[in-house]
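Next comes upload.csv, a file with CSV, C-alpha atoms and all ligand atoms.
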chain,number,residue,atom,x,y,z
A,1,MET,CA,12.6,-47.6,-20.8
A,2,ARG,CA,16.2,-47.5,-19.5
A,3,ARG,CA,15.7,-43.8,-18.6
A,4,ARG,CA,12.6,-44.7,-16.4
A,5,ALA,CA,14.6,-47.2,-14.5
A,6,THR,CA,17.4,-44.7,-13.8
A,7,ARG,CA,15.0,-42.0,-12.6
A,8,LEU,CA,13.5,-44.2,-9.9
A,9,PRO,CA,16.4,-43.9,-7.4
A,10,TYR,CA,16.2,-40.1,-7.6
A,11,VAL,CA,12.5,-40.1,-6.9
A,12,LEU,CA,12.9,-42.6,-4.0
A,13,ALA,CA,15.7,-40.4,-2.6
A,14,CYS,CA,13.2,-37.6,-2.1
A,15,ALA,CA,11.3,-39.3,0.7
A,16,PRO,CA,14.1,-39.4,3.2
A,17,VAL,CA,15.2,-35.9,2.2
A,18,ALA,CA,11.7,-34.6,2.8
A,19,ALA,CA,11.4,-36.5,6.2
A,20,ILE,CA,14.8,-35.1,7.4
A,21,THR,CA,13.9,-31.5,6.3
A,22,ALA,CA,10.5,-31.8,8.1
A,23,ALA,CA,12.1,-33.1,11.3
A,24,THR,CA,14.8,-30.4,11.3
A,25,LEU,CA,12.5,-27.4,10.6
A,26,ALA,CA,9.3,-28.3,12.5
A,27,PRO,CA,8.8,-25.8,15.4
A,28,PRO,CA,9.0,-27.4,18.8
A,29,MET,CA,5.5,-28.3,20.2
A,30,HIS,CA,5.8,-26.2,23.3
A,31,ALA,CA,6.4,-23.0,21.3
A,32,THR,CA,2.9,-23.1,19.8
A,33,ALA,CA,1.1,-24.6,22.6
A,34,ALA,CA,2.4,-22.5,25.5
A,35,SER,CA,0.7,-19.2,24.7
A,36,GLN,CA,-0.7,-17.0,22.0
A,37,ARG,CA,1.3,-14.0,20.6
A,38,PRO,CA,-0.5,-10.8,21.7
A,39,PRO,CA,-2.4,-9.6,18.6
A,40,ALA,CA,-1.1,-6.5,16.9
A,41,TYR,CA,-3.3,-3.4,16.7
A,42,VAL,CA,-4.7,-3.0,13.2
A,43,ILE,CA,-4.8,0.5,11.7
A,44,ALA,CA,-6.2,1.2,8.3
A,45,ILE,CA,-4.5,4.0,6.3
A,46,ASP,CA,-6.2,5.3,3.2
A,47,PRO,CA,-4.1,7.4,0.7
A,48,GLY,CA,-6.8,9.5,-1.0
A,49,HIS,CA,-7.4,9.3,-4.8
A,50,GLY,CA,-5.1,7.4,-7.2
A,51,GLY,CA,-4.8,6.0,-10.7
A,52,ARG,CA,-3.6,7.2,-14.1
A,53,PRO,CA,-4.9,7.0,-17.6
A,54,ASP,CA,-4.1,3.6,-19.2
A,55,ASP,CA,-4.0,3.3,-23.0
A,56,ALA,CA,-4.7,-0.4,-22.7
A,57,HIS,CA,-7.8,0.1,-20.5
A,58,PRO,CA,-9.3,3.4,-21.6
A,59,ASP,CA,-12.5,2.8,-19.6
A,60,GLN,CA,-10.6,2.4,-16.3
A,61,PRO,CA,-11.4,5.3,-14.0
A,62,PHE,CA,-8.6,7.4,-12.5
A,63,ASP,CA,-8.6,10.2,-9.9
A,64,PRO,CA,-5.7,12.5,-9.4
A,65,GLY,CA,-7.5,14.6,-6.7
A,66,VAL,CA,-6.4,18.3,-6.5
A,67,ILE,CA,-3.7,19.4,-8.9
A,68,ALA,CA,-1.7,22.3,-7.6
A,69,ALA,CA,-0.7,25.2,-9.9
A,70,SER,CA,2.8,23.7,-9.8
A,71,GLY,CA,1.4,20.4,-11.2
A,72,LEU,CA,1.8,18.6,-7.9
A,73,ALA,CA,-1.0,15.9,-7.8
A,74,GLU,CA,-2.8,15.2,-4.5
A,75,LYS,CA,-2.8,11.4,-5.2
A,76,ASP,CA,1.0,11.4,-5.1
A,77,VAL,CA,1.4,13.4,-1.9
A,78,THR,CA,-1.3,11.3,-0.1
A,79,LEU,CA,0.5,8.1,-1.1
A,80,ASP,CA,3.9,9.4,0.0
A,81,VAL,CA,2.6,10.6,3.4
A,82,ALA,CA,0.7,7.3,3.9
A,83,GLN,CA,3.8,5.2,3.2
A,84,ARG,CA,5.8,7.3,5.7
A,85,LEU,CA,3.1,6.8,8.2
A,86,GLN,CA,3.0,3.1,7.5
A,87,LYS,CA,6.7,2.8,8.4
A,88,LEU,CA,6.2,4.8,11.7
A,89,LEU,CA,3.3,2.6,12.8
A,90,THR,CA,4.9,-0.7,11.8
A,91,ALA,CA,7.9,0.2,14.0
A,92,GLN,CA,5.4,0.3,16.9
A,93,SER,CA,4.3,-3.3,16.2
A,94,VAL,CA,1.0,-2.1,14.6
A,95,ARG,CA,-0.3,-4.0,11.6
A,96,VAL,CA,-1.0,-1.4,9.0
A,97,VAL,CA,-3.6,-2.0,6.3
A,98,MET,CA,-3.2,0.2,3.3
A,99,THR,CA,-6.2,0.7,1.0
A,100,ARG,CA,-3.6,1.2,-1.9
A,101,ASN,CA,0.1,1.0,-1.9
A,102,ASP,CA,0.7,2.3,-5.4
A,103,ASP,CA,-0.8,4.6,-8.0
A,104,ARG,CA,-4.1,2.9,-8.7
A,105,TYR,CA,-7.7,3.7,-8.6
A,106,VAL,CA,-9.7,2.2,-5.7
A,107,GLY,CA,-13.4,2.9,-5.2
A,108,ILE,CA,-14.7,4.4,-2.0
A,109,GLN,CA,-16.7,1.3,-0.9
A,110,THR,CA,-13.7,-0.9,-1.5
A,111,ARG,CA,-11.5,1.3,0.7
A,112,MET,CA,-13.8,0.9,3.7
A,113,GLN,CA,-14.3,-2.8,3.0
A,114,ILE,CA,-10.5,-3.4,3.2
A,115,ALA,CA,-10.5,-1.8,6.6
A,116,THR,CA,-13.6,-3.7,7.8
A,117,ASP,CA,-12.3,-7.0,6.5
A,118,ALA,CA,-9.1,-6.5,8.5
A,119,SER,CA,-11.0,-5.5,11.7
A,120,ALA,CA,-9.1,-2.2,11.8
A,121,THR,CA,-9.3,-0.3,15.1
A,122,LEU,CA,-9.1,3.1,13.5
A,123,PHE,CA,-9.4,4.4,9.9
A,124,VAL,CA,-7.4,7.4,8.7
A,125,SER,CA,-8.0,8.8,5.2
A,126,ILE,CA,-5.2,11.2,4.0
A,127,HIS,CA,-6.1,14.1,1.8
A,128,PHE,CA,-5.0,17.6,0.9
A,129,ASN,CA,-7.7,20.3,0.6
A,130,SER,CA,-8.8,22.6,-2.3
A,131,PHE,CA,-10.8,25.8,-2.5
A,132,THR,CA,-11.6,28.4,-5.1
A,133,ASP,CA,-9.9,31.1,-2.9
A,134,PRO,CA,-6.1,30.5,-3.0
A,135,GLY,CA,-6.0,32.2,0.4
A,136,ALA,CA,-7.7,29.3,2.2
A,137,THR,CA,-5.2,27.7,4.6
A,138,GLY,CA,-5.0,25.2,7.5
A,139,ALA,CA,-5.4,21.6,8.5
A,140,LEU,CA,-8.9,20.3,8.7
A,141,VAL,CA,-10.2,16.9,10.1
A,142,LEU,CA,-13.5,15.5,8.8
A,143,TYR,CA,-15.6,12.9,10.6
A,144,PRO,CA,-18.8,11.1,9.7
A,145,GLY,CA,-20.6,11.0,13.1
A,146,ASP,CA,-20.5,11.3,16.9
A,147,SER,CA,-18.6,8.0,17.3
A,148,SER,CA,-15.7,9.4,15.3
A,149,LEU,CA,-15.7,12.9,16.9
A,150,PRO,CA,-13.3,12.2,19.8
A,151,PHE,CA,-10.7,10.7,17.4
A,152,ALA,CA,-11.2,13.7,15.0
A,153,GLN,CA,-10.7,16.2,17.9
A,154,THR,CA,-7.6,14.4,19.1
A,155,MET,CA,-6.1,14.3,15.6
A,156,SER,CA,-6.9,18.0,15.1
A,157,ASP,CA,-5.1,18.9,18.4
A,158,THR,CA,-2.0,16.9,17.4
A,159,LEU,CA,-1.9,18.4,13.9
A,160,GLN,CA,-2.1,21.9,15.4
A,161,ARG,CA,0.7,21.0,17.8
A,162,ASP,CA,3.0,19.4,15.2
A,163,LEU,CA,2.3,21.5,12.1
A,164,GLY,CA,1.9,24.9,13.7
A,165,GLY,CA,5.7,25.4,13.4
A,166,TRP,CA,5.3,25.0,9.6
A,167,GLY,CA,2.7,27.8,9.5
A,168,ILE,CA,-0.2,25.4,9.1
A,169,ALA,CA,-3.0,26.8,11.3
A,170,SER,CA,-5.7,24.5,12.7
A,171,ASP,CA,-8.9,24.6,10.7
A,172,GLY,CA,-10.6,22.5,13.4
A,173,VAL,CA,-13.0,19.5,12.9
A,174,GLN,CA,-16.0,19.3,10.6
A,175,ALA,CA,-18.8,16.8,10.4
A,176,LYS,CA,-19.3,15.2,7.0
A,177,PRO,CA,-22.1,12.7,7.6
A,178,ASP,CA,-21.9,11.2,4.1
A,179,LEU,CA,-18.2,10.5,4.3
A,180,TRP,CA,-17.3,7.0,5.6
A,181,GLN,CA,-20.8,6.7,7.0
A,182,HIS,CA,-20.7,2.9,6.9
A,183,ALA,CA,-17.5,2.8,9.0
A,184,THR,CA,-17.6,0.2,11.8
A,185,MET,CA,-14.6,1.9,13.6
A,186,PRO,CA,-13.7,5.6,14.4
A,187,ALA,CA,-13.0,7.0,10.9
A,188,ILE,CA,-11.5,10.4,10.0
A,189,THR,CA,-10.3,12.3,6.9
A,190,VAL,CA,-7.2,14.4,7.4
A,191,GLU,CA,-7.0,17.4,5.0
A,192,ALA,CA,-3.5,18.3,6.1
A,193,ALA,CA,-3.0,21.5,4.0
A,194,TYR,CA,-4.4,23.3,1.0
A,195,LEU,CA,-2.9,22.4,-2.4
A,196,THR,CA,-4.7,25.4,-3.9
A,197,ASN,CA,-2.7,27.7,-1.5
A,198,PRO,CA,0.6,28.4,-3.2
A,199,ALA,CA,2.6,28.5,0.1
A,200,GLU,CA,1.1,25.3,1.4
A,201,ALA,CA,1.4,23.5,-2.0
A,202,GLU,CA,5.1,24.4,-2.0
A,203,LEU,CA,5.4,22.9,1.5
A,204,CYS,CA,3.7,19.7,0.3
A,205,SER,CA,6.4,19.3,-2.3
A,206,ARG,CA,9.1,19.1,0.4
A,207,PRO,CA,10.0,15.6,1.9
A,208,ALA,CA,10.6,17.2,5.3
A,209,PHE,CA,7.1,18.6,5.4
A,210,ARG,CA,5.6,15.3,4.3
A,211,LYS,CA,7.6,13.6,7.0
A,212,ALA,CA,6.2,16.1,9.5
A,213,VAL,CA,2.6,15.4,8.4
A,214,ALA,CA,3.1,11.6,8.7
A,215,GLY,CA,4.6,12.1,12.2
A,216,ALA,CA,1.7,14.4,13.2
A,217,ILE,CA,-0.9,11.8,12.1
A,218,ASP,CA,1.1,9.0,13.9
A,219,GLY,CA,1.0,11.2,17.0
A,220,GLY,CA,-2.8,11.6,16.7
A,221,ILE,CA,-3.3,7.8,16.3
A,222,LEU,CA,-1.1,7.1,19.4
A,223,ALA,CA,-2.9,9.8,21.4
A,224,GLN,CA,-6.2,8.2,20.5
A,225,GLN,CA,-5.1,4.7,21.2
A,226,PRO,CA,-2.4,4.8,23.9
A,227,ALA,CA,-2.7,1.1,24.4
A,228,ILE,CA,-0.6,0.7,21.2
A,229,ALA,CA,2.5,1.4,23.2
A,230,THR,CA,1.6,-1.2,25.9
A,231,ARG,CA,0.8,-3.8,23.2
A,232,LYS,CA,4.2,-3.1,21.5
A,233,ALA,CA,5.9,-4.0,24.8
A,234,GLU,CA,3.8,-7.1,25.3
A,235,ILE,CA,4.6,-8.3,21.7
A,236,ALA,CA,8.3,-7.6,22.2
A,237,ALA,CA,8.3,-9.6,25.5
A,238,TRP,CA,6.5,-12.5,23.9
A,239,ASP,CA,8.8,-12.5,20.9
A,240,ALA,CA,11.8,-12.5,23.2
A,241,ALA,CA,10.4,-15.6,25.1
A,242,HIS,CA,9.6,-17.4,21.8
A,243,PRO,CA,12.7,-16.9,19.6
A,244,GLY,CA,12.0,-19.9,17.4
A,245,HIS,CA,8.4,-19.1,16.6
A,246,ALA,CA,7.7,-18.6,12.9
A,247,GLY,CA,5.4,-15.6,13.4
A,248,ALA,CA,7.4,-14.0,16.2
A,249,THR,CA,8.9,-11.2,14.1
A,250,ALA,CA,7.0,-11.1,10.9
A,251,ALA,CA,3.4,-11.1,12.0
A,252,ALA,CA,3.2,-7.4,12.9
A,253,ASN,CA,4.8,-6.3,9.7
A,254,ARG,CA,2.5,-7.4,6.9
A,255,PRO,CA,1.8,-4.4,4.7
A,256,LEU,CA,-1.5,-5.8,3.2
A,257,PRO,CA,-4.2,-8.0,4.6
A,258,SER,CA,-4.2,-9.9,1.3
A,259,ALA,CA,-0.5,-10.6,1.4
A,260,PRO,CA,0.1,-14.4,1.6
A,261,GLY,CA,0.9,-15.4,5.2
A,262,GLU,CA,4.1,-17.0,6.2
A,263,ARG,CA,2.3,-19.8,8.1
A,264,SER,CA,5.0,-22.3,7.4
A,265,VAL,CA,8.0,-22.5,5.2
A,266,LEU,CA,8.2,-26.3,5.5
A,267,PRO,CA,6.0,-27.4,2.6
A,268,VAL,CA,7.9,-24.9,0.3
A,269,LEU,CA,11.3,-26.3,1.4
A,270,VAL,CA,10.2,-29.9,0.8
A,271,VAL,CA,8.8,-29.1,-2.6
A,272,MET,CA,12.0,-27.2,-3.4
A,273,ALA,CA,14.1,-30.3,-2.4
A,274,ILE,CA,12.1,-32.6,-4.6
A,275,VAL,CA,12.1,-30.2,-7.6
A,276,GLY,CA,15.9,-29.7,-7.1
A,277,LEU,CA,16.5,-33.4,-7.3
A,278,LEU,CA,14.3,-33.8,-10.4
A,279,LEU,CA,16.0,-30.8,-12.0
A,280,MET,CA,19.5,-32.3,-11.4
A,281,HIS,CA,18.4,-35.5,-13.1
A,282,GLN,CA,17.0,-33.6,-16.1
A,283,ARG,CA,19.8,-31.0,-16.4
A,284,ARG,CA,20.9,-31.9,-19.9
A,285,ARG,CA,17.4,-31.4,-21.3
A,286,LEU,CA,16.9,-28.2,-19.3
A,287,VAL,CA,20.2,-26.7,-20.6
A,288,ALA,CA,19.1,-27.5,-24.2
A,289,ALA,CA,15.7,-26.0,-23.6
A,290,ALA,CA,17.2,-22.9,-22.0
A,291,LEU,CA,19.5,-22.4,-24.9
A,292,ALA,CA,16.6,-22.8,-27.4
A,293,LEU,CA,14.6,-20.2,-25.4
A,294,ALA,CA,17.4,-17.7,-25.3
A,295,ASN,CA,17.8,-18.1,-29.0
A,296,LEU,CA,14.1,-17.4,-29.5
A,297,SER,CA,13.9,-14.4,-27.1
A,298,GLU,CA,16.9,-12.8,-28.9
A,299,ARG,CA,15.0,-12.8,-32.1
A,300,VAL,CA,11.8,-11.5,-30.4
A,301,THR,CA,13.5,-8.6,-28.5
A,302,GLU,CA,15.2,-7.2,-31.6
A,303,ARG,CA,12.2,-5.0,-32.3
A,304,ARG,CA,10.9,-4.4,-28.7
A,305,PRO,CA,13.0,-1.5,-27.5
A,306,ARG,CA,11.7,0.8,-30.2
A,307,VAL,CA,8.1,-0.2,-29.6
A,308,ARG,CA,8.4,0.3,-25.9
A,309,TRP,CA,10.0,3.7,-26.4
A,310,GLN,CA,7.2,4.8,-28.7
A,311,THR,CA,4.5,3.6,-26.2
A,312,ARG,CA,6.2,5.5,-23.4
A,313,ARG,CA,6.5,8.7,-25.4
A,314,ARG,CA,2.8,8.5,-26.4
A,315,ARG,CA,1.7,7.9,-22.8
A,316,ALA,CA,3.9,10.8,-21.5
A,317,ALA,CA,2.4,13.1,-24.1
A,318,ARG,CA,-1.1,12.1,-23.1
A,319,ARG,CA,-0.3,12.6,-19.4
A,320,ARG,CA,1.1,16.1,-20.2
A,321,ALA,CA,-2.0,17.0,-22.1
A,322,LEU,CA,-4.2,15.8,-19.3
A,323,LEU,CA,-2.2,17.8,-16.7
A,324,GLU,CA,-2.3,20.9,-18.9
A,325,ARG,CA,-6.1,20.5,-19.4
A,326,ALA,CA,-6.6,20.0,-15.6
A,327,ARG,CA,-4.6,23.1,-14.9
A,328,HIS,CA,-6.6,25.4,-17.2
A,329,THR,CA,-10.1,24.1,-16.8
A,330,PRO,CA,-12.3,23.9,-13.6
A,331,ARG,CA,-11.5,20.7,-11.6
A,332,ARG,CA,-13.4,17.7,-12.9
A,333,ARG,CA,-15.8,16.0,-10.5
A,334,THR,CA,-14.3,13.0,-8.7
A,335,VAL,CA,-15.7,10.1,-6.7
A,336,TYR,CA,-15.0,12.2,-3.6
A,337,ASP,CA,-17.1,15.2,-4.9
A,338,GLU,CA,-20.1,12.8,-4.9
A,339,LEU,CA,-19.6,12.6,-1.1
A,340,TRP,CA,-18.9,16.3,-0.5
A,341,PHE,CA,-22.1,17.6,-2.0
B,1,ZN,ZN,-8.7,14.6,-1.7
Turn the structure described in the file into structure tokens.
Amino acid sequence: MRRRATRLPYVLACAPVAAITAATLAPPMHATAASQRPPAYVIAIDPGHGGRPDDAHPDQPFDPGVIAASGLAEKDVTLDVAQRLQKLLTAQSVRVVMTRNDDRYVGIQTRMQIATDASATLFVSIHFNSFTDPGATGALVLYPGDSSLPFAQTMSDTLQRDLGGWGIASDGVQAKPDLWQHATMPAITVEAAYLTNPAEAELCSRPAFRKAVAGAIDGGILAQQPAIATRKAEIAAWDAAHPGHAGATAAANRPLPSAPGERSVLPVLVVMAIVGLLLMHQRRRLVAAALALANLSERVTERRPRVRWQTRRRRAARRRALLERARHTPRRRTVYDELWF
């Protein structure tokens, strides 16, 4: 009973602390009422393929895409180029929506749904080509229908201009009506080079070439949507005029549409202040609990390193076996093959 009585002042102290925090951090009224921040252009970037075998979920699909003779997997090159492109576009105040940002499997419909949900202005899927003849070369741009043709042509021209110096010839544009047929925005697939061509596969392993591919695609997007540059200047001017606005600098840089928005840090700070006061009051019990936990975890982790090491070795062996099999057998059908044929 005595403890309850002593806790009361701490709880009561939270109210004025919360009020002062709120008054100090609340944005001034004129900042939000004066004008709206110009909306950032939204561009959807789709790194093709993705995912790896998972012992814990053997039924989970995975799709490495083309695997070059060197072992280089298309899914890794597409993700690297996409992330480089994401940085270039973000620097131009574009809000980039990535259909995946790590090595995971994402279905075709989900990829387009992500772009549609974000109201993307343009959709760019990044791939690297394959063909039975290792002599096949060049950069090809695929498009689903007439509404995407101008974007495909612009991108093809830019790829030719920027990748020609690397020896990548233009393979032109090609209609693929089944690919991204439900797109509500101009949608294209860039097949930047052939991973089945030894010389182009070697280029794809070089960071400098991947940087050049990302730069070329960035150039194609800007050529298709020149208003991006104007919007960047408008956003910069608005941010300069509203330095205290919470969304002024962060709004354009969200990597994913599902990322939690930073609408206001105020409730978080108030909760942190209250939790902090309560923690101070209960510190003796917390220290005792932490010591007990540390004691327990020491006992548990004694066996873990070996278990982890064995799991890692088993997974690596399985990955090596899969890679070996993929190299010596005809390429397995993937979700993309369903669309090609
Ligand atoms: Zn592909």
Can you check which parts of range 32-65 of chain A lie within 12 Å of range 214-224 of chain A? Per residue, the shortest pair of atoms and distance in Å to one decimal, counting all atoms listed in the file, sorted by chain and number, as a Markdown table.
| residue | atom | partner | partner_atom | distance |
| --- | --- | --- | --- | --- |
| A:Tyr41 | CA | A:Leu222 | CA | 11.1 |
| A:Val42 | CA | A:Ile221 | CA | 11.3 |
| A:Ile43 | CA | A:Ile221 | CA | 8.8 |
| A:Ala44 | CA | A:Ile221 | CA | 10.8 |
| A:Ile45 | CA | A:Ile217 | CA | 10.4 |
| A:Pro47 | CA | A:Ala214 | CA | 11.6 |
Residues within 6 Å of range 119-136 of chain A, only C-alpha atoms, excluding chain neighbours under 3 positions, as an mmCIF file with C-alpha atoms, keeping the file's coordinate frame:
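Output saved as selection-v2.cif:
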data_model
loop_
_atom_site.group_PDB
_atom_site.id
_atom_site.type_symbol
_atom_site.label_atom_id
_atom_site.label_comp_id
_atom_site.auth_asym_id
_atom_site.auth_seq_id
_atom_site.Cartn_x
_atom_site.Cartn_y
_atom_site.Cartn_z
ATOM 1 C CA VAL A 42 -4.700 -3.000 13.200
ATOM 2 C CA ILE A 43 -4.800 0.500 11.700
ATOM 3 C CA ALA A 44 -6.200 1.200 8.300
ATOM 4 C CA ILE A 45 -4.500 4.000 6.300
ATOM 5 C CA ASP A 46 -6.200 5.300 3.200
ATOM 6 C CA PRO A 47 -4.100 7.400 0.700
ATOM 7 C CA GLY A 48 -6.800 9.500 -1.000
ATOM 8 C CA THR A 78 -1.300 11.300 -0.100
ATOM 9 C CA ALA A 115 -10.500 -1.800 6.600
ATOM 10 C CA THR A 116 -13.600 -3.700 7.800
ATOM 11 C CA MET A 185 -14.600 1.900 13.600
ATOM 12 C CA PRO A 186 -13.700 5.600 14.400
ATOM 13 C CA ALA A 187 -13.000 7.000 10.900
ATOM 14 C CA ILE A 188 -11.500 10.400 10.000
ATOM 15 C CA THR A 189 -10.300 12.300 6.900
ATOM 16 C CA VAL A 190 -7.200 14.400 7.400
ATOM 17 C CA GLU A 191 -7.000 17.400 5.000
ATOM 18 C CA ALA A 192 -3.500 18.300 6.100
ATOM 19 C CA ALA A 193 -3.000 21.500 4.000
ATOM 20 C CA TYR A 194 -4.400 23.300 1.000
ATOM 21 C CA LEU A 195 -2.900 22.400 -2.400
ATOM 22 C CA THR A 196 -4.700 25.400 -3.900
ATOM 23 C CA ASN A 197 -2.700 27.700 -1.500
#
**Q.** Atom-to-atom span, CA of Lys75 in chain A and CA of Tyr105 in chain A, Å
**A.** 9.7 Å
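With all atoms listed in the file as the atoms that count, the minimum distance from ligand ZN 1 (chain B) to the choices A:Pro177, A:Pro226, A:Gly50, A:Gly276 is reached by A:Gly50.
The smallest atom-to-atom distance between ligand ZN 1 (chain B) and any of A:Leu149, A:Leu179, A:Val270, A:Leu163, using only C-alpha atoms and all ligand atoms, is found for A:Leu179.
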Q | Close residues, Trp166 in chain A itself excluded, 12 Å, all atoms listed in the file, min 4 positions apart in chain, as a list in words | A | Thr137, Gly138, Ala139, Leu159, Gln160, Arg161, Asp162, Ser170, Ala192, Ala193, Ala199, Glu200, Glu202, Leu203, Cys204, Arg206, Ala208, Phe209, Arg210, Lys211, Ala212, Val213 and Ala216 of chain A
Q.
Just want the 8 Å neighbourhood of Pro61 in chain A, counted on all atoms listed in the file, with same-chain residues fewer than 2 positions away dropped. Output as a PyMOL selection string.
A. chain A and resi 51+53+59+63+105
Q) Out of A:Ser205, A:Ser93, A:Asn295, A:Gln86, which residue has the shortest atom-to-atom distance to Glu74 in chain A when counting all atoms listed in the file? A) A:Ser205
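The nearest approach to ligand ZN 1 (chain B) among the residues A:Val287, A:Ala91, A:Val66, A:Ala82, with only C-alpha atoms and all ligand atoms taken into account, belongs to A:Val66.
Between CA of Pro243 in chain A and CA of Pro39 in chain A the separation is 16.8 Å.
One distance worth recording is that between CA of Leu88 in chain A and CA of Ile235 in chain A, which is 16.6 Å.
With all atoms listed in the file as the atoms that count, the residue of A:Phe151, A:Leu140, A:Thr184, A:Leu293 with the shortest distance to Ile168 in chain A is A:Leu140.
For the residues A:Leu79, A:Ala240, A:Ala183, A:Ala289, ranking by smallest atom-to-atom distance to Ser148 in chain A using all atoms listed in the file places A:Ala183 first.
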Q | Long-range neighbours of Arg315 in chain A as a ChimeraX atom specification, 12 Å cut-off, all atoms listed in the file, 2 positions minimum in chain | A | /A:52-56,58,308-313,317-322
Q. Which polymer residues have any atom within 9 Å of an atom of Pro38 in chain A, counting all atoms listed in the file, with same-chain residues fewer than 5 positions away left out, as a PyMOL selection string?
A. chain A and resi 231+234-235+238
